[in-house]
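Some notes on the structure that comes next.
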Amino acid sequence: MRSAAKRVDAVVHEYELEAQFRCSGSDGFINWVENTLDVRRTANVLWNRDDPYEFKIEDSIESLEAWVRDKSKASESVRLVAGFCWPWSEPRPDGTLVPDVKLGNWSMPWNAKPDAGRLARDIPKSTFWPSDPNGLGQVGCVYTAQGFEFDYVGIIFGPDLRYDWEQNAWIGDPSKSFDRVLRQGRDAFVDLVKNTYRVLFTRGIKGCHVYFMDEGTRRFVQSRLE
């Protein structure tokens, strides 16, 4: 780019895009997420519930989905995302998607795979999942959600990462993960899956709500709210 500008005698202005431009400019929220997940130590140990950035822990997956759909009805861009804790099936012969993401009696499909062939009429291709209104009916994983931002994001925090109160540490469980890339990391699995959730937590510009499948993890994150 610099060489091209030099050839036409153009002036180049360089700017560094800092992380605080995300999440409504709330550098504090990003720092809190990184500190809570033990990605890095920051001064933001506790999250102030009165902060303009909206963060809430939901009691059930049903209430999380209801919040996501309410935001969508209010003309906000919003999507549901999750840790890669379920298989990602190919579309059925009729082009419909398999509801792979299952929590009790609740289920929803992942978004269509990038290389998916024929899809049913109301199912967007992977590249259109973030913008197509029908994308609200599918769950996005980190590979689909990264690089995109929404007004709000709902997060399903899966069992591939949990907080162990006895060890006072985050514990990764590769057996609960369907992410082959992360599982190949072996010793680095915990750090890799932490980063996965860091990415998901920072997709919402105005706020995010989260449902924790593991009760101990929910209690730990709850203890980091003031």
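In the structure tokens, the first chain shown is A, the next is B, and so on; residue numbers restart at 1 for each chain, and ligands run from 1 in the order shown.
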Practice task
Based on DSSP run over this structure's backbone, return all residues of segment 51-108 of chain A in strand (DSSP E), as a list in words.
Solution key: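 So the strand (DSSP E) residues in segment 51-108 of chain A would be Glu54, Phe55, Lys56, Ile57, Val78, Arg79, Leu80, Val81, Ala82, Val101, Lys102, Leu103, Trp106, Ser107 and Met108 of chain A.
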Exercise for the section: Please provide the set of residues having any atom within 10 Å of Thr127 of chain A, restricted to only C-alpha atoms, with same-chain residues fewer than 6 positions apart removed, written as a list of chain:residue names. Expected result: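 The residues that qualify are A:Asn111, A:Ala112, A:Lys113, A:Pro114, A:Thr144.
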Put those residues in a file: C-alpha atoms, as a compact mmCIF listing (two decimals), in the first residue's frame.
```
# COMPACT_ATOMS: atom_id res chain seq x y z
CA ASN A 111 -25.37 -21.80 10.74
CA ALA A 112 -24.74 -23.47 7.38
CA LYS A 113 -21.19 -24.63 6.74
CA PRO A 114 -19.10 -22.46 4.39
CA THR A 144 -18.47 -17.66 11.71
```
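Residues in contact with segment 58-61 of chain A at up to 7 Å, not including ones fewer than 3 positions away on its chain and judged by only C-alpha atoms, are Leu64, Glu65, His209, Val210 and Tyr211 of chain A.
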File dump, residues just selected, C-alpha atoms, as a compact mmCIF listing (two decimals), in the first residue's frame:
```txt
# COMPACT_ATOMS: atom_id res chain seq x y z
CA LEU A 64 -31.35 -16.14 26.47
CA GLU A 65 -33.09 -16.93 23.20
CA HIS A 209 -26.02 -11.75 27.66
CA VAL A 210 -24.64 -15.19 28.47
CA TYR A 211 -25.96 -18.55 29.65
```
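Interatomic distance, atom CA of Thr202 of chain A against atom CA of Asp51 of chain A: 15.6 Å.
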Practice task
Could you check which of A:Leu136, A:Phe150, A:Ser126, A:Gly104 is closest to Ile205 of chain A, using only C-alpha atoms?
Solution key: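 Using only C-alpha atoms, Ile205 of chain A sits closest to A:Phe150.
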Exercise for the section: Please provide as a PyMOL selection string all residues within 10 Å of segment 33-44 of chain A, with the sequence filter that same-chain residues fewer than 5 positions apart are discarded (counting only C-alpha atoms). Expected result: chain A and resi 27-28+161-163+169-170+191-195+197-199+201-202+220-221+224
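Checking A:Val181, A:Leu200, A:Ala145, A:Leu97 one by one against Phe128 of chain A, counting only C-alpha atoms, you find the shortest gap at A:Ala145.
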Practice task
Please provide the set of residues having any atom within 10 Å of Lys102 of chain A, restricted to only C-alpha atoms, with same-chain residues fewer than 5 positions apart removed, written as a ChimeraX atom specification.
Solution key: /A:85-86,107-109
Problem - Residue nearest Asp70 of chain A - candidates A:Tyr152, A:Phe84, A:Phe157, A:Trp165, atoms counted: only C-alpha atoms - result: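 Among A:Tyr152, A:Phe84, A:Phe157, A:Trp165, it is A:Tyr152 that comes nearest to Asp70 of chain A.
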Practice task
Show which residues sit within 10 Å of Ser72 of chain A, as a list in words. Count only C-alpha atoms, and ignore same-chain residues fewer than 4 positions away.
Solution key: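 Once the nearby chain positions are removed, what remains is Ala66, Trp67, Val68, Glu76, Ser77, Val78, Arg79, Pro133, Leu136, Asp151 and Tyr152 of chain A.
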Exercise for the section: Work out how far apart atom CA of Asp164 of chain A and atom CA of Ser223 of chain A are and give it in Å to one decimal. Expected result: 13.6 Å
Handout entry: Point-to-point distance from atom CA of Gly207 of chain A to atom CA of Leu80 of chain A, Å rounded to tenths
Key = 12.5 Å
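All residues within segment 90-176 of chain A that the backbone DSSP calculation assigns to alpha helix (DSSP H) are Val142, Tyr143, Thr144 and Ala145 of chain A.
Checking A:Thr96, A:Phe29, A:Pro91, A:Glu14 one by one against Phe55 of chain A, counting only C-alpha atoms, you find the shortest gap at A:Phe29.
With only C-alpha atoms as the atoms that count, the minimum distance from Trp47 of chain A to the choices A:Arg92, A:Arg219, A:Leu225, A:Leu182 is reached by A:Leu225.
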Exercise for the section: Check the smallest atom-to-atom distance from each of A:Asp160, A:Glu62, A:Glu166, A:Asp173 to Trp106 of chain A using only C-alpha atoms, then report the winner. Expected result: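 Among A:Asp160, A:Glu62, A:Glu166, A:Asp173, it is A:Glu62 that comes nearest to Trp106 of chain A.
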